[in-house]
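As stored in coords08.cif (mmCIF, C-alpha atoms):
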data_final
#
loop_
_atom_site.label_atom_id
_atom_site.label_comp_id
_atom_site.auth_asym_id
_atom_site.auth_seq_id
_atom_site.Cartn_x
_atom_site.Cartn_y
_atom_site.Cartn_z
CA MET W 1 102.40 120.10 175.00
CA SER W 2 105.35 122.49 174.92
CA ALA W 3 108.19 121.80 172.48
CA ARG W 4 111.32 120.14 173.82
CA ARG W 5 114.46 118.69 172.33
CA LEU W 6 113.50 115.09 171.88
CA THR W 7 115.79 112.66 173.69
CA LYS W 8 115.55 109.23 175.31
CA ARG W 9 114.71 110.90 178.64
CA VAL W 10 111.79 112.75 177.05
CA VAL W 11 110.53 109.47 175.61
CA ASP W 12 110.76 107.74 178.98
CA ASP W 13 109.08 110.64 180.81
CA ALA W 14 106.15 111.00 178.37
CA GLN W 15 103.16 109.40 180.08
CA PRO W 16 99.93 108.38 178.29
CA LEU W 17 96.84 110.56 178.78
CA GLU W 18 93.18 110.06 177.98
CA ARG W 19 93.76 111.52 174.55
CA ARG W 20 96.60 111.15 172.08
CA TYR W 21 99.12 114.00 172.13
CA THR W 22 102.36 115.04 170.38
CA VAL W 23 105.58 116.57 171.74
CA PHE W 24 107.46 118.46 169.00
CA ASP W 25 111.20 118.92 168.77
CA THR W 26 112.74 122.38 169.25
CA ASP W 27 115.51 121.84 166.67
CA ILE W 28 113.76 120.22 163.69
CA ARG W 29 110.45 121.78 162.75
CA GLY W 30 107.78 119.09 162.35
CA PHE W 31 109.73 116.33 164.10
CA GLY W 32 107.64 114.95 166.96
CA LEU W 33 106.95 112.22 169.49
CA ARG W 34 103.39 110.91 169.47
CA VAL W 35 102.01 109.33 172.66
CA PHE W 36 98.85 107.18 172.57
CA PRO W 37 96.43 106.39 175.44
CA SER W 38 97.53 102.76 175.15
CA GLY W 39 101.08 103.75 176.07
CA GLU W 40 102.44 103.19 172.53
CA LYS W 41 104.85 105.90 171.33
CA SER W 42 106.02 106.67 167.80
CA TRP W 43 108.11 109.20 165.93
CA ILE W 44 106.48 111.44 163.29
CA TYR W 45 107.42 114.17 160.86
CA GLU W 46 104.90 116.82 159.78
CA TYR W 47 105.37 119.19 156.83
CA ARG W 48 103.62 121.20 154.15
CA SER W 49 104.40 120.22 150.55
CA ALA W 50 106.18 122.83 148.48
CA GLU W 51 103.37 122.82 145.89
CA GLY W 52 100.79 124.38 148.25
CA GLY W 53 103.03 126.72 150.20
CA ARG W 54 101.80 128.02 153.57
CA ARG W 55 98.16 127.39 152.63
CA ALA W 56 98.75 123.69 152.02
CA ALA W 57 97.39 121.25 154.55
CA LYS W 58 99.90 119.60 156.81
CA LYS W 59 100.97 116.08 155.96
CA ARG W 60 102.35 113.53 158.35
CA VAL W 61 104.77 110.66 157.90
CA THR W 62 105.17 108.06 160.65
CA LEU W 63 108.86 107.27 161.06
CA GLY W 64 108.44 104.28 163.33
CA SER W 65 107.90 103.10 166.89
CA THR W 66 110.16 104.24 169.71
CA LYS W 67 110.77 100.53 170.31
CA LYS W 68 112.46 100.26 166.92
CA LEU W 69 114.03 103.69 166.48
CA THR W 70 116.14 105.55 169.01
CA ALA W 71 115.78 109.32 169.35
CA ASP W 72 118.99 109.87 167.37
CA GLN W 73 117.90 107.50 164.57
CA ALA W 74 114.49 109.17 164.33
CA ARG W 75 116.15 112.60 164.28
CA SER W 76 118.40 111.57 161.39
CA GLU W 77 115.39 110.30 159.43
CA ALA W 78 113.49 113.54 160.11
CA GLU W 79 116.49 115.53 158.86
CA ARG W 80 116.54 113.47 155.68
CA LEU W 81 112.82 114.04 155.06
CA ARG W 82 113.16 117.78 155.73
CA ALA W 83 115.88 117.96 153.08
CA ARG W 84 113.64 116.16 150.59
CA VAL W 85 110.75 118.56 151.30
CA ASN W 86 113.07 121.57 150.80
CA LEU W 87 113.99 120.13 147.39
CA GLY W 88 110.30 119.90 146.40
CA ASP W 89 109.67 116.25 147.18
CA ASP W 90 106.54 114.99 148.89
CA PRO W 91 107.54 112.08 151.21
CA GLN W 92 103.97 111.02 151.95
CA ARG W 93 103.09 110.76 148.26
CA SER W 94 106.31 108.83 147.60
CA LYS W 95 105.52 106.47 150.47
CA ALA W 96 102.01 105.89 149.12
CA ARG W 97 103.45 105.19 145.68
CA GLU W 98 105.88 102.76 147.26
CA ARG W 99 103.03 100.86 148.90
CA VAL W 100 101.09 100.43 145.66
CA ALA W 101 104.09 99.84 143.35
CA LEU W 102 103.88 96.59 141.42
CA THR W 103 106.10 93.69 142.34
CA VAL W 104 107.84 91.85 139.52
CA ALA W 105 105.43 88.94 140.06
CA GLU W 106 102.45 91.27 139.59
CA LEU W 107 104.05 92.89 136.54
CA ALA W 108 104.76 89.45 135.04
CA LYS W 109 101.11 88.45 135.44
CA ALA W 110 99.88 91.65 133.75
CA PHE W 111 102.49 91.19 130.99
CA MET W 112 101.39 87.60 130.32
CA ASP W 113 97.63 88.31 130.51
CA ASP W 114 97.46 91.58 128.59
CA HIS W 115 100.30 91.22 126.12
CA VAL W 116 101.70 87.73 125.56
CA ARG W 117 98.48 85.68 125.68
CA ALA W 118 96.61 88.36 123.74
CA LYS W 119 99.15 88.75 120.94
CA ARG W 120 101.44 85.72 120.76
CA LYS W 121 101.05 82.14 119.60
CA THR W 122 100.51 79.24 121.99
CA ALA W 123 104.10 78.00 121.72
CA THR W 124 105.44 81.47 122.54
CA VAL W 125 103.09 81.77 125.53
CA SER W 126 104.33 78.43 126.84
CA SER W 127 107.98 79.43 126.35
CA TYR W 128 107.51 82.77 128.13
CA GLU W 129 105.63 81.15 131.03
CA GLY W 130 108.33 78.55 131.56
CA THR W 131 111.16 81.09 131.51
CA ILE W 132 109.37 83.52 133.84
CA GLU W 133 108.38 80.84 136.36
CA ARG W 134 111.72 79.03 136.43
CA TYR W 135 114.26 81.85 136.24
CA ILE W 136 112.73 85.30 136.73
CA LEU W 137 110.21 84.96 139.56
CA PRO W 138 112.43 82.94 141.95
CA ALA W 139 115.06 85.70 141.76
CA LEU W 140 112.97 88.87 141.41
CA GLY W 141 109.30 88.04 142.00
CA ALA W 142 108.92 89.63 145.44
CA LYS W 143 110.85 92.82 144.58
CA LYS W 144 109.23 96.05 143.41
CA ALA W 145 109.51 96.38 139.65
CA LYS W 146 110.69 99.98 139.96
CA ASP W 147 113.60 98.89 142.16
CA ILE W 148 115.04 96.28 139.79
CA SER W 149 118.54 97.27 138.75
CA ARG W 150 120.80 96.25 135.92
CA THR W 151 122.84 94.33 138.48
CA ASP W 152 119.79 92.23 139.41
CA VAL W 153 119.20 91.31 135.77
CA ALA W 154 122.88 90.73 135.02
CA ARG W 155 123.03 88.29 137.94
CA ILE W 156 120.28 86.15 136.37
CA HIS W 157 121.91 86.38 132.93
CA VAL W 158 125.34 85.34 134.18
CA GLY W 159 123.78 82.54 136.22
CA LEU W 160 122.51 80.98 132.98
CA ARG W 161 125.82 81.32 131.10
CA ALA W 162 126.07 77.53 130.68
CA THR W 163 123.04 77.78 128.35
CA PRO W 164 123.68 80.94 126.28
CA ALA W 165 120.48 80.75 124.24
CA LEU W 166 118.34 80.45 127.38
CA ALA W 167 120.26 83.26 129.08
CA ASN W 168 119.72 85.57 126.11
CA ARG W 169 116.04 84.64 125.82
CA THR W 170 115.53 85.40 129.52
CA LEU W 171 117.21 88.78 129.01
CA ALA W 172 114.93 89.53 126.05
CA ILE W 173 111.78 88.59 127.98
CA LEU W 174 112.76 90.88 130.85
CA GLY W 175 113.36 93.71 128.38
CA SER W 176 109.97 93.14 126.76
CA MET W 177 108.28 92.99 130.18
CA PHE W 178 109.67 96.36 131.31
CA SER W 179 108.90 97.99 127.96
CA PHE W 180 105.30 96.81 128.43
CA ALA W 181 105.31 98.30 131.94
CA PHE W 182 106.39 101.73 130.70
CA ARG W 183 103.89 101.77 127.80
CA HIS W 184 101.06 101.05 130.24
CA GLY W 185 102.18 103.52 132.91
CA LEU W 186 103.23 100.82 135.38
CA THR W 187 106.76 102.23 135.69
CA GLU W 188 108.05 105.77 135.30
CA THR W 189 111.11 105.11 133.16
CA ASP W 190 111.47 103.71 129.65
CA ILE W 191 114.98 102.44 130.41
CA ALA W 192 114.63 98.71 131.01
CA PRO W 193 117.10 97.26 133.53
CA SER W 194 118.15 94.75 130.86
CA ARG W 195 119.42 97.49 128.56
CA GLY W 196 123.17 97.56 128.06
CA ILE W 197 123.79 93.98 129.17
CA PRO W 198 125.70 92.25 126.34
CA LYS W 199 124.30 88.95 125.15
CA PHE W 200 126.28 85.75 125.19
CA ARG W 201 127.53 84.41 121.91
CA GLU W 202 125.33 81.54 120.78
CA LEU W 203 126.78 78.64 118.86
CA HIS W 204 124.10 77.53 116.41
CA ARG W 205 124.18 73.75 116.32
CA GLU W 206 122.96 72.03 113.19
CA ARG W 207 123.20 68.30 112.76
CA PHE W 208 122.35 66.50 109.56
CA LEU W 209 121.72 62.78 109.53
CA SER W 210 123.58 60.66 107.01
CA THR W 211 121.80 57.93 105.08
CA SER W 212 123.17 55.24 107.40
CA GLU W 213 122.16 57.20 110.52
CA LEU W 214 118.66 57.67 109.16
CA GLU W 215 118.50 53.91 108.59
CA GLN W 216 119.59 53.31 112.20
CA LEU W 217 116.86 55.64 113.44
CA GLY W 218 114.22 53.95 111.29
CA ASN W 219 115.21 50.52 112.58
CA ALA W 220 115.02 51.73 116.19
CA ILE W 221 111.53 53.18 115.68
CA ARG W 222 110.38 49.94 114.09
CA GLN W 223 111.80 47.83 116.92
CA ALA W 224 110.31 50.08 119.61
CA GLU W 225 106.89 49.82 117.99
CA THR W 226 106.97 46.03 117.54
CA VAL W 227 109.16 43.83 119.75
CA GLY W 228 110.23 46.68 122.04
CA ILE W 229 113.58 48.07 123.14
CA PRO W 230 115.35 46.67 126.24
CA TRP W 231 115.48 48.89 129.27
CA PRO W 232 118.87 50.62 129.70
CA ASN W 233 119.44 48.56 132.87
CA ALA W 234 117.69 45.40 131.70
CA GLU W 235 120.77 43.30 132.44
CA HIS W 236 120.55 44.38 136.09
CA ARG W 237 116.81 43.93 136.47
CA SER W 238 115.45 42.38 139.61
CA LYS W 239 114.29 38.77 139.66
CA HIS W 240 110.82 40.17 140.40
CA HIS W 241 110.63 41.76 136.94
CA SER W 242 109.11 39.57 134.30
CA GLU W 243 110.64 39.17 130.85
CA ALA W 244 107.75 41.12 129.34
CA ARG W 245 108.52 44.15 131.51
CA SER W 246 112.22 44.25 130.56
CA VAL W 247 111.46 45.99 127.26
CA THR W 248 109.72 49.26 126.43
CA HIS W 249 107.33 49.81 123.55
CA ILE W 250 106.07 52.96 121.88
CA GLY W 251 102.51 53.14 120.58
CA GLU W 252 101.51 53.48 116.95
CA HIS W 253 100.73 57.18 117.36
CA VAL W 254 104.17 57.99 118.79
CA ALA W 255 105.83 55.97 116.03
CA ALA W 256 103.71 57.79 113.46
CA ALA W 257 104.69 61.15 114.93
CA LEU W 258 108.40 60.33 114.63
CA ARG W 259 108.01 59.12 111.05
CA LEU W 260 105.99 62.18 110.04
CA LEU W 261 108.70 64.43 111.46
CA VAL W 262 111.23 62.58 109.29
CA PHE W 263 109.11 62.59 106.11
CA THR W 264 107.77 66.17 106.28
CA GLY W 265 110.46 68.30 107.91
CA ALA W 266 107.63 69.81 109.99
CA ARG W 267 108.10 71.39 113.39
CA LEU W 268 107.26 69.28 116.46
CA ARG W 269 104.16 71.27 117.46
CA GLU W 270 102.85 71.19 113.88
CA ILE W 271 102.67 67.41 114.11
CA LEU W 272 101.56 67.06 117.74
CA HIS W 273 98.80 69.67 117.33
CA LEU W 274 97.66 68.37 113.93
CA LYS W 275 93.94 67.57 113.75
CA TRP W 276 92.30 65.11 111.36
CA GLU W 277 90.13 67.92 110.01
CA ASN W 278 93.32 69.52 108.62
CA VAL W 279 94.47 66.36 106.82
CA ASP W 280 93.60 66.00 103.12
CA LEU W 281 94.82 62.54 102.16
CA GLU W 282 93.19 62.68 98.73
CA ARG W 283 95.34 65.62 97.68
CA GLY W 284 98.23 64.72 100.00
CA LEU W 285 98.17 67.92 102.03
CA LEU W 286 98.28 69.07 105.63
CA LEU W 287 96.34 72.34 105.85
CA LEU W 288 97.61 73.97 109.04
CA PRO W 289 95.41 76.90 110.14
CA ASP W 290 98.16 78.24 112.37
CA SER W 291 101.90 77.62 112.61
CA LYS W 292 104.95 79.59 113.65
CA THR W 293 104.73 81.52 110.38
CA GLY W 294 100.91 81.64 110.12
CA ARG W 295 98.72 79.56 107.82
CA LYS W 296 100.73 76.83 106.16
CA THR W 297 100.28 73.95 103.74
CA ILE W 298 102.56 70.92 103.97
CA VAL W 299 102.79 68.83 100.82
CA LEU W 300 103.03 65.14 101.69
CA GLY W 301 105.17 62.56 99.99
CA ALA W 302 103.99 58.96 99.48
CA PRO W 303 105.61 57.60 102.69
CA ALA W 304 103.92 60.30 104.82
CA ILE W 305 100.56 59.60 103.18
CA GLU W 306 101.04 55.89 103.92
CA VAL W 307 101.76 56.62 107.60
CA LEU W 308 98.61 58.74 107.94
CA GLY W 309 96.47 56.32 105.97
CA GLY W 310 97.33 53.39 108.25
CA LEU W 311 96.92 55.26 111.55
CA THR W 312 94.04 54.48 113.90
CA ARG W 313 91.81 57.53 114.40
CA VAL W 314 91.23 58.22 118.09
CA GLY W 315 89.74 61.61 118.83
CA SER W 316 90.30 64.81 116.89
CA TYR W 317 94.11 64.88 117.02
CA VAL W 318 96.15 62.80 114.57
CA ILE W 319 98.67 61.97 117.31
CA ALA W 320 96.37 60.87 120.13
CA GLY W 321 97.16 62.65 123.38
CA ASP W 322 95.66 62.92 126.86
CA GLY W 323 92.00 62.01 127.03
CA ALA W 324 91.80 61.19 123.33
CA GLY W 325 88.18 61.06 122.22
CA ARG W 326 86.87 62.92 125.29
CA PRO W 327 85.41 66.44 125.17
CA ASP W 328 88.40 67.74 127.15
CA GLU W 329 91.07 66.00 125.06
CA ARG W 330 94.37 67.79 124.58
CA PRO W 331 97.25 67.31 122.16
CA ARG W 332 100.28 65.37 123.30
CA SER W 333 102.72 67.81 124.92
CA ASP W 334 106.06 66.29 123.85
CA LEU W 335 107.97 63.20 122.70
CA LYS W 336 110.90 63.44 125.11
CA ARG W 337 110.81 59.95 126.62
CA PRO W 338 110.18 57.95 123.42
CA TRP W 339 112.69 60.11 121.54
CA SER W 340 115.35 59.44 124.17
CA LEU W 341 114.59 55.72 124.04
CA VAL W 342 114.80 55.50 120.25
CA THR W 343 117.89 57.68 119.74
CA ARG W 344 119.79 55.86 122.50
CA HIS W 345 119.06 52.50 120.89
CA ALA W 346 119.94 53.86 117.44
CA GLY W 347 123.35 54.99 118.70
CA LEU W 348 122.55 58.66 118.06
CA PRO W 349 123.09 60.37 121.44
CA GLY W 350 122.47 64.09 121.46
CA LEU W 351 120.31 64.05 118.35
CA ARG W 352 117.49 66.58 118.70
CA ILE W 353 114.03 66.26 117.19
CA HIS W 354 114.61 69.57 115.37
CA ASP W 355 117.63 67.97 113.66
CA LEU W 356 115.13 65.93 111.62
CA ARG W 357 114.00 69.21 110.05
CA HIS W 358 117.60 70.09 109.21
CA SER W 359 118.11 66.61 107.78
CA PHE W 360 115.01 66.95 105.60
CA ALA W 361 116.53 70.13 104.16
CA SER W 362 119.90 68.41 103.71
CA PHE W 363 118.41 65.54 101.70
CA GLY W 364 116.34 68.02 99.68
CA VAL W 365 119.42 70.01 98.66
CA ALA W 366 121.34 66.81 97.88
CA ALA W 367 118.50 65.76 95.57
CA GLY W 368 118.92 68.98 93.57
CA MET W 369 115.95 70.84 95.04
CA SER W 370 116.14 74.61 94.64
CA LEU W 371 116.20 76.76 97.77
CA PRO W 372 112.88 78.52 96.96
CA VAL W 373 111.12 75.15 96.61
CA LEU W 374 112.76 73.87 99.79
CA GLY W 375 111.65 77.02 101.59
CA LYS W 376 108.05 76.39 100.58
CA LEU W 377 108.20 72.77 101.76
CA LEU W 378 109.58 73.86 105.13
CA GLY W 379 107.17 76.77 105.46
CA HIS W 380 109.81 79.50 105.69
CA SER W 381 108.37 83.01 105.50
CA GLN W 382 111.74 84.62 104.69
CA PRO W 383 114.16 83.50 101.91
CA GLN W 384 117.15 84.18 104.15
CA THR W 385 115.92 81.47 106.52
CA THR W 386 116.27 78.86 103.77
CA ALA W 387 119.58 80.35 102.62
CA ARG W 388 121.27 78.83 105.67
CA TYR W 389 121.17 75.50 103.79
CA ALA W 390 122.87 76.87 100.66
CA HIS W 391 126.27 75.59 101.84
CA LEU W 392 124.98 72.03 101.61
CA ASP W 393 124.63 72.27 97.85
CA ALA W 394 128.24 71.24 97.10
CA ASP W 395 127.56 69.51 93.76
CA PRO W 396 127.97 72.60 91.51
CA LEU W 397 131.20 73.54 93.29
CA ARG W 398 132.45 69.97 93.18
CA ARG W 399 131.82 69.75 89.42
CA SER W 400 133.70 73.02 88.91
CA ALA W 401 136.57 71.84 91.12
CA ASN W 402 136.78 68.57 89.17
CA ALA W 403 136.87 70.46 85.85
CA VAL W 404 139.68 72.77 87.03
CA ASN W 405 141.61 69.84 88.51
CA ALA W 406 141.24 67.83 85.30
CA MET W 407 142.81 70.62 83.20
CA MET W 408 145.63 71.18 85.69
CA ASN W 409 146.25 67.45 86.04
CA LYS W 410 146.47 67.08 82.28
CA ALA W 411 148.90 69.97 82.11
CA ILE W 412 151.34 68.32 84.48
CA GLY W 413 151.06 65.00 82.66
CA ARG W 414 149.32 62.85 85.28
CA GLU W 415 146.66 60.26 84.54
CA GLU W 416 143.18 61.74 85.10
CA PRO W 417 141.46 60.18 88.13
CA SER W 418 137.84 59.15 88.22
CA PRO W 419 135.53 62.01 89.24
CA THR W 420 134.41 62.14 92.86
CA PRO W 421 130.84 60.91 93.06
CA SER W 422 128.31 63.48 94.28
CA ARG W 423 125.74 62.82 96.98
CA GLY W 424 122.34 62.04 95.60
#
Write the structure described by the file as structure tokens, please.
Amino acid sequence: MSARRLTKRVVDDAQPLERRYTVFDTDIRGFGLRVFPSGEKSWIYEYRSAEGGRRAAKKRVTLGSTKKLTADQARSEAERLRARVNLGDDPQRSKARERVALTVAELAKAFMDDHVRAKRKTATVSSYEGTIERYILPALGAKKAKDISRTDVARIHVGLRATPALANRTLAILGSMFSFAFRHGLTETDIAPSRGIPKFRELHRERFLSTSELEQLGNAIRQAETVGIPWPNAEHRSKHHSEARSVTHIGEHVAAALRLLVFTGARLREILHLKWENVDLERGLLLLPDSKTGRKTIVLGAPAIEVLGGLTRVGSYVIAGDGAGRPDERPRSDLKRPWSLVTRHAGLPGLRIHDLRHSFASFGVAAGMSLPVLGKLLGHSQPQTTARYAHLDADPLRRSANAVNAMMNKAIGREEPSPTPSRG
């Protein structure tokens, strides 16, 4: 067909033939109207890539149907592609790359399968999975990974500002994911879209139980295990509820888990994933094959040994979980509900399970335990981790303050007061 300046009239006049044909534009070389025997019509742009010169085979890019693009819109798109070709770009190759480019959901799956699950511990895998599924995929999952901008990431980060630690962890996971993508050739740039976004300031919260608070907690655990704790709304219970159902109990294994957390200063997963094969009651040791810091030995005190010695053995896990005793048994996943029940009844709202670990350290320092020994009991791999508890050891400073005060008090002629008792 002879070339013509492509307009709406040309489109309307082009009739289908037995074979497909193309009418090219007189103004833009390669811009054409393709007419199919079915009557369908579409806009195309043909070109030779700059790499092959005149000998290169022609390539074709379909711009779209005449039902979706007007002649003027198709012309503008053809002009844009011609400019790209003149600058050395290959639109067809770029379009093919666009079609096969990974989405964020696909990148996340490769990241989890080939990096996180292969190289990280179970707790880390679980943490990454939860963050990706709850916060990253809903916002970015369907988008192409290569198209994710800093603005996209910043929007997620700012959206989690009420929980600074979670916001910063999400930012770090995204950074790690895109670094993985570049190392494995899944993206073309090593600049992660999370780079340059300032983290939120995190307020590290540490709570240490006093002796009286620890006593309250112990009493609540004991009551929950024996007579039970009243439901929060027991006074409003329906007449259809029996007296027996107005209280909640915790089983012996849950009670044992809470007591072991108190007596050992261990991490939650170290207790919930503990197997009987790793318990040496004769020597008073827990021989953990894997923990947050690798292999670890927990030295048990007499109360912890007593708890373990009196516990019913059901299955391979010390704290019986789902399907205990069955081939497919799994460790208990958490203690959220019983912990909420016990702390509410003990009058300790907001107390976290991890605060028991801080409290163990607090009592250890108050008893005169050195930081290196405390670090070994807690399983710290770095001395600086234990050093965070150094400020709790106030006794040496208090003795020095009392000595200085005594001399100054004597100098001004006042009666010397009794020394302030130290915690112990």
Contacts of Glu306 of chain W at 12 Å (all atoms listed in the file; same-chain gap of 4+ positions) as a list in words: Ala256, Arg259, Leu260, Phe263, Leu281, Glu282, Gly284, Leu300, Gly301, Ala302, Gly310 and Leu311 of chain W
Who sits within 9 Å of Glu40 of chain W, all atoms listed in the file, same chain under 6 positions skipped, as a VMD selection string: chain W and resid 16 34 65 to 66
Atom pair atom CA of Val10 of chain W / atom CA of Phe24 of chain W: separation (Å):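 It comes out at 10.8 Å.
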Result set of the PyMOL selection byres ((chain W and resi 171) around 10) on the coordinates above, as a count of residues only: 23
Picked residues, the PyMOL selection byres ((chain W and resi 329-332) around 10), as a list of chain:residue names: W:Val254, W:Arg269, W:Ile271, W:Leu272, W:His273, W:Leu274, W:Lys275, W:Gly315, W:Ser316, W:Tyr317, W:Val318, W:Ile319, W:Ala320, W:Gly321, W:Asp322, W:Gly323, W:Ala324, W:Gly325, W:Arg326, W:Pro327, W:Asp328, W:Ser333, W:Asp334, W:Leu335
Near Leu107 of chain W, counting only C-alpha atoms, which residues have an atom at most 12 Å away, once you skip same-chain residues fewer than 5 positions from it, shown as an mmCIF file with C-alpha atoms, in the frame of the given file?
data_model
loop_
_atom_site.group_PDB
_atom_site.id
_atom_site.type_symbol
_atom_site.label_atom_id
_atom_site.label_comp_id
_atom_site.auth_asym_id
_atom_site.auth_seq_id
_atom_site.Cartn_x
_atom_site.Cartn_y
_atom_site.Cartn_z
ATOM 1 C CA ALA W 101 104.090 99.840 143.350
ATOM 2 C CA LEU W 102 103.880 96.590 141.420
ATOM 3 C CA MET W 112 101.390 87.600 130.320
ATOM 4 C CA ASP W 113 97.630 88.310 130.510
ATOM 5 C CA ASP W 114 97.460 91.580 128.590
ATOM 6 C CA HIS W 115 100.300 91.220 126.120
ATOM 7 C CA ILE W 132 109.370 83.520 133.840
ATOM 8 C CA ILE W 136 112.730 85.300 136.730
ATOM 9 C CA LEU W 137 110.210 84.960 139.560
ATOM 10 C CA LEU W 140 112.970 88.870 141.410
ATOM 11 C CA GLY W 141 109.300 88.040 142.000
ATOM 12 C CA ALA W 142 108.920 89.630 145.440
ATOM 13 C CA LYS W 143 110.850 92.820 144.580
ATOM 14 C CA LYS W 144 109.230 96.050 143.410
ATOM 15 C CA ALA W 145 109.510 96.380 139.650
ATOM 16 C CA LYS W 146 110.690 99.980 139.960
ATOM 17 C CA ILE W 148 115.040 96.280 139.790
ATOM 18 C CA LEU W 174 112.760 90.880 130.850
ATOM 19 C CA SER W 176 109.970 93.140 126.760
ATOM 20 C CA MET W 177 108.280 92.990 130.180
ATOM 21 C CA PHE W 178 109.670 96.360 131.310
ATOM 22 C CA SER W 179 108.900 97.990 127.960
ATOM 23 C CA PHE W 180 105.300 96.810 128.430
ATOM 24 C CA ALA W 181 105.310 98.300 131.940
ATOM 25 C CA PHE W 182 106.390 101.730 130.700
ATOM 26 C CA HIS W 184 101.060 101.050 130.240
ATOM 27 C CA GLY W 185 102.180 103.520 132.910
ATOM 28 C CA LEU W 186 103.230 100.820 135.380
ATOM 29 C CA THR W 187 106.760 102.230 135.690
#
Quick one: 5 Å padding each side, axis-aligned, all listed atoms of segment 68-73 of chain W - centre and edge lengths in Å to one decimal, as lines of an AutoDock Vina configuration file?
center_x = 115.7
center_y = 105.1
center_z = 167.0
size_x = 16.5
size_y = 19.6
size_z = 14.8
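Atom CA of Glu129 of chain W is found 20.4 Å from atom CA of Val158 of chain W.
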Nearest to Arg20 of chain W by atom-to-atom distance, counting only C-alpha atoms, from W:Arg4, W:Gly39, W:Phe208, W:Gly228: W:Gly39
Selection dump of the PyMOL selection byres ((chain W and resi 247) around 6), as a list in words: Gly228, Ile229, Pro230, Trp231, Arg245, Ser246 and Thr248 of chain W
